[in-house]
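A.B. asks: File my_file-v7.cif below, mmCIF, C-alpha atoms:
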```
data_query
loop_
_atom_site.label_atom_id
_atom_site.label_comp_id
_atom_site.auth_asym_id
_atom_site.auth_seq_id
_atom_site.Cartn_x
_atom_site.Cartn_y
_atom_site.Cartn_z
CA MET Y 1 100.52 92.72 140.78
CA LYS Y 2 104.23 92.99 141.58
CA TYR Y 3 103.80 96.75 142.18
CA LEU Y 4 100.94 96.24 144.65
CA ARG Y 5 103.20 95.24 147.54
CA HIS Y 6 105.37 98.34 146.95
CA ILE Y 7 102.28 100.54 147.07
CA LEU Y 8 101.03 98.85 150.24
CA PHE Y 9 104.46 99.19 151.89
CA ALA Y 10 104.60 102.93 151.08
CA ALA Y 11 101.08 103.38 152.44
CA ALA Y 12 101.94 101.55 155.69
CA VAL Y 13 105.06 103.68 156.22
CA SER Y 14 103.05 106.84 155.54
CA CYS Y 15 100.43 105.80 158.09
CA GLY Y 16 103.18 105.32 160.66
CA PHE Y 17 104.47 108.85 160.12
CA ALA Y 18 100.94 110.24 160.13
CA ALA Y 19 100.37 108.84 163.63
CA PHE Y 20 102.72 111.47 165.05
CA ALA Y 21 100.89 114.43 163.48
CA GLU Y 22 97.97 116.40 164.92
CA THR Y 23 94.63 114.58 164.59
CA PRO Y 24 91.73 116.21 162.74
CA ALA Y 25 88.24 116.98 164.09
CA LYS Y 26 85.64 114.21 164.14
CA MET Y 27 82.86 114.70 161.59
CA SER Y 28 79.29 114.57 162.91
CA PRO Y 29 77.34 111.32 162.29
CA GLY Y 30 74.57 111.07 159.70
CA PHE Y 31 74.07 111.31 155.95
CA THR Y 32 77.24 112.06 153.96
CA TRP Y 33 78.20 112.63 150.36
CA GLY Y 34 81.35 113.48 148.49
CA ALA Y 35 83.26 113.64 145.24
CA ASP Y 36 86.82 113.05 144.13
CA VAL Y 37 89.01 113.51 141.09
CA GLY Y 38 92.17 111.62 140.27
CA GLY Y 39 94.44 109.89 137.88
CA ALA Y 40 95.60 106.31 137.49
CA ILE Y 41 98.68 104.88 135.81
CA ALA Y 42 98.12 101.56 134.02
CA MET Y 43 100.58 98.93 135.29
CA THR Y 44 99.79 96.32 132.63
CA GLY Y 45 101.56 97.88 129.64
CA ASN Y 46 98.32 98.51 127.73
CA ASP Y 47 98.79 102.30 127.59
CA MET Y 48 95.45 102.89 129.31
CA SER Y 49 96.18 105.49 131.96
CA ILE Y 50 93.02 107.05 133.34
CA ILE Y 51 91.57 110.36 134.50
CA ASN Y 52 88.68 109.66 136.86
CA PHE Y 53 85.78 111.58 138.45
CA ASP Y 54 83.69 109.93 141.18
CA ALA Y 55 80.73 110.84 143.41
CA ALA Y 56 79.24 108.89 146.31
CA PHE Y 57 76.62 109.19 149.01
CA GLY Y 58 76.04 107.21 152.19
CA TYR Y 59 76.14 107.27 155.98
CA ARG Y 60 78.77 107.74 158.72
CA ARG Y 61 78.75 106.87 162.41
CA GLY Y 62 81.24 105.55 164.96
CA ILE Y 63 84.22 103.83 163.38
CA VAL Y 64 82.62 104.00 159.91
CA ASP Y 65 83.65 107.22 158.17
CA PHE Y 66 81.65 106.39 155.04
CA ILE Y 67 79.50 103.49 153.92
CA GLY Y 68 77.41 103.89 150.81
CA VAL Y 69 77.32 103.72 147.03
CA GLY Y 70 79.20 105.59 144.35
CA ALA Y 71 79.68 105.91 140.63
CA GLY Y 72 82.37 107.33 138.42
CA ILE Y 73 83.62 108.18 134.98
CA ASN Y 74 87.04 106.79 134.05
CA MET Y 75 88.42 108.17 130.79
CA MET Y 76 91.42 106.49 129.18
CA VAL Y 77 93.76 109.24 127.96
CA SER Y 78 95.38 107.32 125.09
CA ASN Y 79 92.16 106.26 123.34
CA SER Y 80 88.42 106.88 123.38
CA ASN Y 81 87.55 104.12 125.87
CA ARG Y 82 85.33 105.08 128.80
CA SER Y 83 84.53 103.09 131.90
CA PHE Y 84 81.66 103.78 134.30
CA PRO Y 85 82.22 102.00 137.64
CA VAL Y 86 79.29 101.61 140.04
CA TYR Y 87 80.36 100.39 143.47
CA ALA Y 88 79.81 100.01 147.20
CA LEU Y 89 82.18 102.25 149.18
CA PHE Y 90 83.54 101.66 152.69
CA ARG Y 91 85.90 104.07 154.48
CA SER Y 92 87.11 103.69 158.08
CA ASN Y 93 90.04 104.34 160.39
CA PHE Y 94 88.82 101.44 162.64
CA VAL Y 95 88.85 103.56 165.82
CA THR Y 96 86.27 106.00 167.23
CA ARG Y 97 88.70 108.90 167.56
CA PRO Y 98 89.74 110.88 164.47
CA THR Y 99 93.04 109.96 162.82
CA LEU Y 100 94.97 111.16 159.80
CA CYS Y 101 95.10 107.76 158.07
CA PHE Y 102 92.15 105.60 156.95
CA PHE Y 103 91.30 102.56 154.80
CA GLU Y 104 89.06 102.83 151.74
CA GLY Y 105 87.55 99.99 149.76
CA ARG Y 106 85.40 100.02 146.63
CA ILE Y 107 83.84 96.97 144.99
CA GLY Y 108 81.28 96.74 142.22
CA CYS Y 109 81.08 96.51 138.47
CA ALA Y 110 82.45 98.60 135.61
CA PHE Y 111 80.51 99.25 132.43
CA THR Y 112 83.22 99.87 129.83
CA ASN Y 113 82.69 101.27 126.34
CA VAL Y 114 85.48 100.21 124.02
CA ALA Y 115 86.05 100.70 120.28
CA ASP Y 116 83.42 100.25 117.56
CA ASN Y 117 80.47 100.57 119.97
CA GLN Y 118 81.44 97.44 121.90
CA SER Y 119 80.78 97.31 125.64
CA GLN Y 120 81.89 95.10 128.52
CA THR Y 121 80.67 94.64 132.08
CA SER Y 122 83.35 93.51 134.50
CA LEU Y 123 84.43 93.39 138.14
CA TYR Y 124 85.71 96.65 139.68
CA VAL Y 125 87.81 96.58 142.88
CA SER Y 126 89.79 99.43 144.46
CA PRO Y 127 91.39 99.07 147.92
CA GLY Y 128 93.41 102.03 149.17
CA VAL Y 129 94.89 104.04 152.00
CA GLY Y 130 93.80 107.62 152.55
CA PHE Y 131 95.04 110.64 154.45
CA ASN Y 132 92.84 113.42 155.82
CA LEU Y 133 94.01 116.87 154.70
CA ALA Y 134 91.54 119.30 156.32
CA ARG Y 135 88.57 118.36 158.43
CA SER Y 136 85.81 119.96 160.49
CA LYS Y 137 82.47 118.72 161.85
CA HIS Y 138 80.76 119.17 158.46
CA PHE Y 139 83.50 119.07 155.81
CA GLY Y 140 86.53 116.92 155.05
CA SER Y 141 89.18 116.78 152.35
CA TYR Y 142 91.46 113.83 151.73
CA ILE Y 143 93.91 112.14 149.39
CA VAL Y 144 93.74 108.41 148.63
CA LEU Y 145 96.47 106.15 147.22
CA SER Y 146 94.88 103.02 145.81
CA TYR Y 147 95.10 100.05 143.51
CA VAL Y 148 92.36 99.75 140.86
CA TYR Y 149 91.33 96.55 139.09
CA ASN Y 150 88.93 96.67 136.14
CA GLY Y 151 88.25 93.19 134.75
CA MET Y 152 88.32 94.31 131.10
CA LYS Y 153 88.85 91.59 128.52
CA SER Y 154 90.48 91.64 125.10
CA TYR Y 155 88.71 93.46 122.30
CA THR Y 156 89.21 94.28 118.62
CA ASP Y 157 88.60 97.58 116.89
CA SER Y 158 88.60 98.06 113.11
CA GLU Y 159 92.40 97.72 112.88
CA THR Y 160 93.91 96.22 116.02
CA THR Y 161 93.30 93.54 118.62
CA TYR Y 162 94.01 94.66 122.19
CA ASP Y 163 95.12 91.77 124.39
CA ILE Y 164 93.87 92.70 127.86
CA ASN Y 165 93.33 90.36 130.77
CA GLY Y 166 92.21 92.85 133.40
CA LEU Y 167 93.34 96.44 133.76
CA HIS Y 168 95.57 97.02 136.83
CA SER Y 169 96.29 100.62 137.86
CA ALA Y 170 97.91 102.67 140.64
CA CYS Y 171 95.61 105.59 141.45
CA VAL Y 172 95.77 108.89 143.35
CA ARG Y 173 92.46 110.61 144.24
CA LEU Y 174 91.87 114.03 145.80
CA GLY Y 175 88.42 114.35 147.33
CA ILE Y 176 85.96 116.18 149.55
CA SER Y 177 83.11 114.95 151.71
CA PHE Y 178 80.26 116.71 153.48
#
```
For the file at hand, write its structure as structure tokens.
C.D. replies:
Amino acid sequence: MKYLRHILFAAAVSCGFAAFAETPAKMSPGFTWGADVGGAIAMTGNDMSIINFDAAFGYRRGIVDFIGVGAGINMMVSNSNRSFPVYALFRSNFVTRPTLCFFEGRIGCAFTNVADNQSQTSLYVSPGVGFNLARSKHFGSYIVLSYVYNGMKSYTDSETTYDINGLHSACVRLGISF
């Protein structure tokens, strides 16, 4: 949690600089879908950094750039754990004109497969700040800097007990939306 305020400060400064850049085109309202790929660094010392793939579909109109549902695959690189988050997704810049910076929030549950065929269902939360890279009326690309919380609990495999009280990560996602 101590790193969260540093991440939020960096995102706020970046949004301030982005305000001086050229604004992108506004995407047309209606049905939307997208996908992103990224990586997350575990900040809890559990050596559970993640490679993630996500897809979502929803609606956009007015100040709402995206509201809908999504799902992902989060693969821990140091072990064979897999997490499958299913979440509601909200993305907005909170104004009707296009901007370079936007807010993104994800909340739902994560179905995590851990060692020895054990599974856990836990809270999944991911607030973040995004930046539009390229945008037209029908296509957009972006990068998102976010915090990810997966409410994993401690578990034991055949040899070791892993003492986990929630998995906290700093994440970078590169995505597209149509």
A.B. asks: Which residues of region 63-140 of chain Y sit at most 12 Å from region 35-40 of chain Y, using only C-alpha atoms? Give each one's shortest atom pair and distance in Å (one decimal place), in chain and ascending residue order, as CSV.
C.D. replies:
```
residue,atom,partner,partner_atom,distance
Y:Val69,CA,Y:Ala35,CA,11.7
Y:Gly70,CA,Y:Ala35,CA,9.1
Y:Ala71,CA,Y:Ala35,CA,9.7
Y:Gly72,CA,Y:Asp36,CA,9.2
Y:Ile73,CA,Y:Val37,CA,9.7
Y:Asn74,CA,Y:Gly39,CA,8.9
Y:Met75,CA,Y:Gly39,CA,9.5
Y:Met76,CA,Y:Ala40,CA,9.3
Y:Val77,CA,Y:Gly39,CA,10.0
Y:Ser126,CA,Y:Ala40,CA,11.4
Y:Phe139,CA,Y:Ala35,CA,11.9
Y:Gly140,CA,Y:Ala35,CA,10.8
```
A.B. asks: I want to know what sits within 12 Å of region 146-148 of chain Y, based on only C-alpha atoms, with residues of the same chain fewer than 2 positions away left out; could you give that as a compact mmCIF listing (two decimals) with C-alpha atoms, in the frame of the given file?
C.D. replies:
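The resulting file, around-v8.txt, is reproduced below:
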```txt
# COMPACT_ATOMS: atom_id res chain seq x y z
CA MET Y 1 100.52 92.72 140.78
CA LYS Y 2 104.23 92.99 141.58
CA TYR Y 3 103.80 96.75 142.18
CA LEU Y 4 100.94 96.24 144.65
CA ARG Y 5 103.20 95.24 147.54
CA HIS Y 6 105.37 98.34 146.95
CA ILE Y 7 102.28 100.54 147.07
CA LEU Y 8 101.03 98.85 150.24
CA PHE Y 9 104.46 99.19 151.89
CA ALA Y 10 104.60 102.93 151.08
CA ALA Y 11 101.08 103.38 152.44
CA GLY Y 38 92.17 111.62 140.27
CA GLY Y 39 94.44 109.89 137.88
CA ALA Y 40 95.60 106.31 137.49
CA ILE Y 41 98.68 104.88 135.81
CA ALA Y 42 98.12 101.56 134.02
CA MET Y 43 100.58 98.93 135.29
CA THR Y 44 99.79 96.32 132.63
CA SER Y 49 96.18 105.49 131.96
CA ILE Y 50 93.02 107.05 133.34
CA ASN Y 52 88.68 109.66 136.86
CA ASN Y 74 87.04 106.79 134.05
CA PRO Y 85 82.22 102.00 137.64
CA PHE Y 102 92.15 105.60 156.95
CA PHE Y 103 91.30 102.56 154.80
CA GLU Y 104 89.06 102.83 151.74
CA GLY Y 105 87.55 99.99 149.76
CA ARG Y 106 85.40 100.02 146.63
CA ILE Y 107 83.84 96.97 144.99
CA GLY Y 108 81.28 96.74 142.22
CA CYS Y 109 81.08 96.51 138.47
CA ALA Y 110 82.45 98.60 135.61
CA LEU Y 123 84.43 93.39 138.14
CA TYR Y 124 85.71 96.65 139.68
CA VAL Y 125 87.81 96.58 142.88
CA SER Y 126 89.79 99.43 144.46
CA PRO Y 127 91.39 99.07 147.92
CA GLY Y 128 93.41 102.03 149.17
CA VAL Y 129 94.89 104.04 152.00
CA GLY Y 130 93.80 107.62 152.55
CA PHE Y 131 95.04 110.64 154.45
CA ILE Y 143 93.91 112.14 149.39
CA VAL Y 144 93.74 108.41 148.63
CA ASN Y 150 88.93 96.67 136.14
CA GLY Y 151 88.25 93.19 134.75
CA MET Y 152 88.32 94.31 131.10
CA GLY Y 166 92.21 92.85 133.40
CA LEU Y 167 93.34 96.44 133.76
CA HIS Y 168 95.57 97.02 136.83
CA SER Y 169 96.29 100.62 137.86
CA ALA Y 170 97.91 102.67 140.64
CA CYS Y 171 95.61 105.59 141.45
CA VAL Y 172 95.77 108.89 143.35
CA ARG Y 173 92.46 110.61 144.24
CA LEU Y 174 91.87 114.03 145.80
```
A.B. asks: Using all atoms listed in the file, determine which residues lie at most 12 Å from Val114 (chain Y), disregarding the query and same-chain residues fewer than 5 positions distant; provide the list as a VMD selection string.
C.D. replies: chain Y and resid 48 75 to 76 79 to 84 119 to 121 152 to 158 161 to 162 164
A.B. asks: Restricting the calculation to only C-alpha atoms: of Y:Pro29, Y:Cys101, Y:Tyr142, Y:Tyr59, which residue gets closest to Leu89 (chain Y)?
C.D. replies: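 Going through Y:Pro29, Y:Cys101, Y:Tyr142, Y:Tyr59 one by one, the smallest distance to Leu89 (chain Y) is for Y:Tyr59.
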A.B. asks: Please, what distance in Å, to one decimal, runs between CA of Gly68 (chain Y) and CA of Gly175 (chain Y)?
C.D. replies: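 It comes out at 15.6 Å.
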